[in-house]
>>> print(open('work_1.txt').read())   # compact mmCIF, N, CA and C atoms
# COMPACT_ATOMS: atom_id res chain seq x y z
N MET O 274 0.84 -1.19 0.00
CA MET O 274 0.00 0.00 0.00
C MET O 274 0.89 1.25 0.00
N ILE O 275 0.30 2.34 -0.44
CA ILE O 275 0.99 3.63 -0.38
C ILE O 275 0.07 4.63 0.30
N SER O 276 0.67 5.60 0.96
CA SER O 276 -0.13 6.60 1.67
C SER O 276 -0.42 7.80 0.76
N ALA O 277 -1.32 8.62 1.23
CA ALA O 277 -1.65 9.85 0.50
C ALA O 277 -0.42 10.72 0.32
N SER O 278 0.37 10.86 1.38
CA SER O 278 1.55 11.72 1.29
C SER O 278 2.60 11.12 0.36
N GLN O 279 2.73 9.80 0.34
CA GLN O 279 3.68 9.17 -0.58
C GLN O 279 3.27 9.41 -2.03
N SER O 280 2.00 9.39 -2.31
CA SER O 280 1.53 9.66 -3.67
C SER O 280 1.87 11.10 -4.07
N ARG O 281 1.61 12.03 -3.17
CA ARG O 281 1.93 13.43 -3.47
C ARG O 281 3.44 13.63 -3.65
N MET O 282 4.23 12.98 -2.77
CA MET O 282 5.69 13.10 -2.89
C MET O 282 6.19 12.50 -4.21
N ALA O 283 5.62 11.36 -4.59
CA ALA O 283 6.03 10.70 -5.83
C ALA O 283 5.70 11.57 -7.04
N ARG O 284 4.51 12.17 -7.06
CA ARG O 284 4.15 13.06 -8.17
C ARG O 284 5.09 14.25 -8.24
N ALA O 285 5.43 14.80 -7.09
CA ALA O 285 6.33 15.95 -7.06
C ALA O 285 7.72 15.57 -7.55
N ALA O 286 8.22 14.41 -7.12
CA ALA O 286 9.55 13.97 -7.53
C ALA O 286 9.63 13.76 -9.04
N LEU O 287 8.53 13.31 -9.62
CA LEU O 287 8.49 13.05 -11.06
C LEU O 287 7.97 14.24 -11.87
N ASN O 288 7.54 15.28 -11.16
CA ASN O 288 6.95 16.45 -11.81
C ASN O 288 5.75 16.06 -12.68
N LEU O 289 4.86 15.25 -12.09
CA LEU O 289 3.68 14.78 -12.80
C LEU O 289 2.42 15.37 -12.17
N GLY O 290 1.43 15.59 -13.00
CA GLY O 290 0.13 16.02 -12.52
C GLY O 290 -0.77 14.83 -12.24
N VAL O 291 -1.90 15.10 -11.64
CA VAL O 291 -2.88 14.06 -11.33
C VAL O 291 -3.30 13.34 -12.62
N ARG O 292 -3.52 14.08 -13.69
CA ARG O 292 -3.92 13.46 -14.96
C ARG O 292 -2.86 12.50 -15.48
N ASP O 293 -1.59 12.90 -15.36
CA ASP O 293 -0.50 12.04 -15.84
C ASP O 293 -0.48 10.70 -15.11
N VAL O 294 -0.61 10.75 -13.81
CA VAL O 294 -0.58 9.53 -13.01
C VAL O 294 -1.82 8.67 -13.29
N ALA O 295 -2.97 9.33 -13.38
CA ALA O 295 -4.20 8.61 -13.65
C ALA O 295 -4.11 7.86 -14.99
N GLU O 296 -3.59 8.52 -16.00
CA GLU O 296 -3.46 7.89 -17.31
C GLU O 296 -2.50 6.70 -17.24
N ALA O 297 -1.37 6.89 -16.59
CA ALA O 297 -0.38 5.82 -16.49
C ALA O 297 -0.91 4.61 -15.72
N ALA O 298 -1.75 4.87 -14.72
CA ALA O 298 -2.28 3.79 -13.88
C ALA O 298 -3.57 3.20 -14.43
N GLY O 299 -4.16 3.86 -15.42
CA GLY O 299 -5.43 3.37 -15.96
C GLY O 299 -6.60 3.59 -15.04
N VAL O 300 -6.56 4.70 -14.29
CA VAL O 300 -7.65 5.05 -13.38
C VAL O 300 -8.10 6.47 -13.68
N SER O 301 -9.16 6.91 -13.04
CA SER O 301 -9.65 8.27 -13.25
C SER O 301 -8.85 9.27 -12.40
N THR O 302 -8.89 10.53 -12.80
CA THR O 302 -8.24 11.57 -12.01
C THR O 302 -8.88 11.66 -10.62
N ASN O 303 -10.18 11.41 -10.56
CA ASN O 303 -10.87 11.44 -9.27
C ASN O 303 -10.30 10.37 -8.33
N THR O 304 -9.88 9.25 -8.87
CA THR O 304 -9.31 8.18 -8.05
C THR O 304 -7.99 8.63 -7.42
N ILE O 305 -7.16 9.30 -8.20
CA ILE O 305 -5.89 9.82 -7.66
C ILE O 305 -6.18 10.86 -6.59
N THR O 306 -7.12 11.74 -6.85
CA THR O 306 -7.50 12.77 -5.88
C THR O 306 -8.00 12.13 -4.59
N ARG O 307 -8.82 11.08 -4.71
CA ARG O 307 -9.33 10.39 -3.53
C ARG O 307 -8.19 9.75 -2.73
N LEU O 308 -7.24 9.13 -3.42
CA LEU O 308 -6.08 8.54 -2.74
C LEU O 308 -5.33 9.62 -1.97
N GLU O 309 -5.10 10.75 -2.62
CA GLU O 309 -4.31 11.82 -1.99
C GLU O 309 -5.07 12.57 -0.90
N ARG O 310 -6.36 12.37 -0.80
CA ARG O 310 -7.14 12.91 0.32
C ARG O 310 -7.18 11.93 1.48
N GLY O 311 -6.63 10.72 1.24
CA GLY O 311 -6.61 9.72 2.30
C GLY O 311 -7.81 8.80 2.32
N GLU O 312 -8.63 8.85 1.26
CA GLU O 312 -9.79 7.97 1.22
C GLU O 312 -9.36 6.54 0.89
N GLU O 313 -10.13 5.59 1.34
CA GLU O 313 -9.80 4.19 1.11
C GLU O 313 -10.19 3.79 -0.31
N LEU O 314 -9.26 3.11 -0.99
CA LEU O 314 -9.50 2.60 -2.34
C LEU O 314 -9.36 1.09 -2.31
N LEU O 315 -9.85 0.46 -3.36
CA LEU O 315 -9.67 -0.99 -3.47
C LEU O 315 -8.17 -1.31 -3.55
N PRO O 316 -7.74 -2.38 -2.91
CA PRO O 316 -6.32 -2.73 -2.93
C PRO O 316 -5.76 -2.86 -4.35
N ARG O 317 -6.53 -3.40 -5.26
CA ARG O 317 -6.07 -3.57 -6.65
C ARG O 317 -5.83 -2.20 -7.30
N THR O 318 -6.67 -1.25 -7.00
CA THR O 318 -6.52 0.10 -7.56
C THR O 318 -5.24 0.74 -7.05
N VAL O 319 -4.99 0.62 -5.75
CA VAL O 319 -3.76 1.17 -5.17
C VAL O 319 -2.54 0.47 -5.76
N ALA O 320 -2.66 -0.83 -5.98
CA ALA O 320 -1.54 -1.58 -6.58
C ALA O 320 -1.25 -1.08 -8.00
N ASP O 321 -2.29 -0.76 -8.76
CA ASP O 321 -2.11 -0.23 -10.12
C ASP O 321 -1.41 1.14 -10.09
N ILE O 322 -1.80 1.97 -9.14
CA ILE O 322 -1.19 3.30 -9.01
C ILE O 322 0.27 3.15 -8.59
N ARG O 323 0.51 2.30 -7.62
CA ARG O 323 1.88 2.06 -7.18
C ARG O 323 2.75 1.55 -8.33
N ALA O 324 2.23 0.62 -9.10
CA ALA O 324 2.98 0.06 -10.23
C ALA O 324 3.31 1.14 -11.25
N ALA O 325 2.40 2.06 -11.47
CA ALA O 325 2.65 3.16 -12.41
C ALA O 325 3.78 4.05 -11.90
N PHE O 326 3.76 4.35 -10.61
CA PHE O 326 4.84 5.16 -10.03
C PHE O 326 6.18 4.42 -10.12
N GLU O 327 6.17 3.15 -9.80
CA GLU O 327 7.41 2.38 -9.83
C GLU O 327 7.95 2.27 -11.25
N ALA O 328 7.08 2.12 -12.23
CA ALA O 328 7.51 2.07 -13.63
C ALA O 328 8.14 3.39 -14.06
N ALA O 329 7.70 4.48 -13.43
CA ALA O 329 8.23 5.81 -13.74
C ALA O 329 9.51 6.12 -12.97
N GLY O 330 9.93 5.22 -12.06
CA GLY O 330 11.19 5.41 -11.37
C GLY O 330 11.12 5.75 -9.89
N ILE O 331 9.99 5.48 -9.26
CA ILE O 331 9.85 5.76 -7.83
C ILE O 331 10.08 4.48 -7.02
N VAL O 332 10.78 4.62 -5.90
CA VAL O 332 10.95 3.54 -4.94
C VAL O 332 10.23 3.99 -3.67
N PHE O 333 9.32 3.16 -3.19
CA PHE O 333 8.59 3.49 -1.97
C PHE O 333 9.35 2.99 -0.75
N ILE O 334 9.42 3.82 0.28
CA ILE O 334 10.12 3.51 1.52
C ILE O 334 9.06 3.30 2.60
N ALA O 335 9.04 2.11 3.16
CA ALA O 335 8.04 1.78 4.17
C ALA O 335 8.35 2.46 5.50
N GLU O 336 7.32 2.64 6.30
CA GLU O 336 7.52 3.18 7.64
C GLU O 336 8.45 2.27 8.42
N GLY O 337 9.42 2.86 9.09
CA GLY O 337 10.38 2.10 9.87
C GLY O 337 11.57 1.59 9.09
N GLN O 338 11.56 1.78 7.79
CA GLN O 338 12.67 1.31 6.95
C GLN O 338 13.90 2.20 7.09
N LEU O 339 13.70 3.45 7.42
CA LEU O 339 14.80 4.39 7.62
C LEU O 339 15.00 4.65 9.11
N VAL O 340 16.10 5.26 9.45
CA VAL O 340 16.44 5.54 10.83
C VAL O 340 15.35 6.36 11.52
N ASP O 341 14.83 7.38 10.83
CA ASP O 341 13.81 8.24 11.46
C ASP O 341 12.42 7.64 11.40
N GLY O 342 12.24 6.55 10.66
CA GLY O 342 11.01 5.78 10.73
C GLY O 342 9.84 6.17 9.88
N GLY O 343 9.84 7.34 9.23
CA GLY O 343 8.68 7.75 8.46
C GLY O 343 8.64 7.15 7.06
N PRO O 344 7.43 6.99 6.49
CA PRO O 344 7.32 6.50 5.13
C PRO O 344 7.75 7.59 4.15
N GLY O 345 8.16 7.19 2.96
CA GLY O 345 8.58 8.18 1.98
C GLY O 345 8.76 7.57 0.61
N VAL O 346 9.43 8.31 -0.25
CA VAL O 346 9.73 7.86 -1.60
C VAL O 346 11.12 8.36 -1.97
N ARG O 347 11.71 7.74 -2.97
CA ARG O 347 12.94 8.24 -3.56
C ARG O 347 12.94 7.85 -5.02
N LEU O 348 13.79 8.50 -5.79
CA LEU O 348 13.94 8.14 -7.18
C LEU O 348 14.87 6.94 -7.28
N ALA O 349 14.54 6.01 -8.15
CA ALA O 349 15.37 4.83 -8.36
C ALA O 349 16.66 5.24 -9.06
N ARG O 350 17.70 4.49 -8.82
CA ARG O 350 18.94 4.71 -9.57
C ARG O 350 18.74 4.29 -10.99
N LYS O 351 19.34 5.02 -11.88
CA LYS O 351 19.23 4.69 -13.32
C LYS O 351 20.13 3.57 -13.69
>>> encode(input="work_1.txt", output="C-alpha cells")
Amino acid sequence: MISASQSRMARAALNLGVRDVAEAAGVSTNTITRLERGEELLPRTVADIRAAFEAAGIVFIAEGQLVDGGPGVRLARK
C-alpha cells in the first residue's frame, strides 16, 4: 500500500500532474485525488497506481525502513 503523502511526494519527484498519473495507472483523475485525500481505495486500484509510479522510477520507503522511521519515496537509480 501507499499513503496519500507518498503519492503526493512521488508526483512531485516526477513532476507529474494528477492526470498524468491517472493515465499511467489506468484510473480516473478522481481516483488519484481520492487517494491523496486519504480515502480508502480498493487494494487492486492502489496496486495499479503504485505500479505506475514504480515504472516511472519511484521507490517506496516503508515506515520504519529508515532511521527516522517515516514513510517516503525516492527516485530509483538509473
>>> closest_residue(input="work_1.txt", among="O:Thr306, O:Glu313, O:Val294, O:Met282", to="O:Arg347", atoms="all atoms listed in the file")
O:Met282
>>> select_by_dssp(input="work_1.txt", residues="chain O", states="strand (DSSP E)", output="NGL selection string")
:O and (331-334 or 345-348)
>>> residues_near_point(input="work_1.txt", point="(-11.2, 1.8, -3.3)", cutoff="12 Å", atoms="only C-alpha atoms", output="ChimeraX atom specification")
/O:274,300-301,303-308,311-322
>>> atom_distance(input="work_1.txt", atom1="atom C of O:Gly290", atom2="atom C of O:Ile275")
16.2 Å
>>> residues_around(input="work_1.txt", residues="stretch 283-287 of chain O", least_positions_apart="4", cutoff="8 Å", atoms="all atoms listed in the file", output="short mmCIF file (atom, residue, chain, number, x, y, z; two decimals) with N, CA and C atoms, in the frame of the given file")
data_model
loop_
_atom_site.label_atom_id
_atom_site.label_comp_id
_atom_site.auth_asym_id
_atom_site.auth_seq_id
_atom_site.Cartn_x
_atom_site.Cartn_y
_atom_site.Cartn_z
N ALA O 277 -1.32 8.62 1.23
CA ALA O 277 -1.65 9.85 0.50
C ALA O 277 -0.42 10.72 0.32
N SER O 278 0.37 10.86 1.38
CA SER O 278 1.55 11.72 1.29
C SER O 278 2.60 11.12 0.36
N GLN O 279 2.73 9.80 0.34
CA GLN O 279 3.68 9.17 -0.58
C GLN O 279 3.27 9.41 -2.03
N VAL O 291 -1.90 15.10 -11.64
CA VAL O 291 -2.88 14.06 -11.33
C VAL O 291 -3.30 13.34 -12.62
N VAL O 294 -0.61 10.75 -13.81
CA VAL O 294 -0.58 9.53 -13.01
C VAL O 294 -1.82 8.67 -13.29
N PHE O 326 3.76 4.35 -10.61
CA PHE O 326 4.84 5.16 -10.03
C PHE O 326 6.18 4.42 -10.12
N ALA O 329 7.70 4.48 -13.43
CA ALA O 329 8.23 5.81 -13.74
C ALA O 329 9.51 6.12 -12.97
N GLY O 330 9.93 5.22 -12.06
CA GLY O 330 11.19 5.41 -11.37
C GLY O 330 11.12 5.75 -9.89
N ILE O 331 9.99 5.48 -9.26
CA ILE O 331 9.85 5.76 -7.83
C ILE O 331 10.08 4.48 -7.02
N VAL O 332 10.78 4.62 -5.90
CA VAL O 332 10.95 3.54 -4.94
C VAL O 332 10.23 3.99 -3.67
N GLY O 345 8.16 7.19 2.96
CA GLY O 345 8.58 8.18 1.98
C GLY O 345 8.76 7.57 0.61
N VAL O 346 9.43 8.31 -0.25
CA VAL O 346 9.73 7.86 -1.60
C VAL O 346 11.12 8.36 -1.97
N ARG O 347 11.71 7.74 -2.97
CA ARG O 347 12.94 8.24 -3.56
C ARG O 347 12.94 7.85 -5.02
N LEU O 348 13.79 8.50 -5.79
CA LEU O 348 13.94 8.14 -7.18
C LEU O 348 14.87 6.94 -7.28
#
>>> atom_distance(input="work_1.txt", atom1="atom N of O:Arg350", atom2="atom C of O:Gly299")
25.1 Å
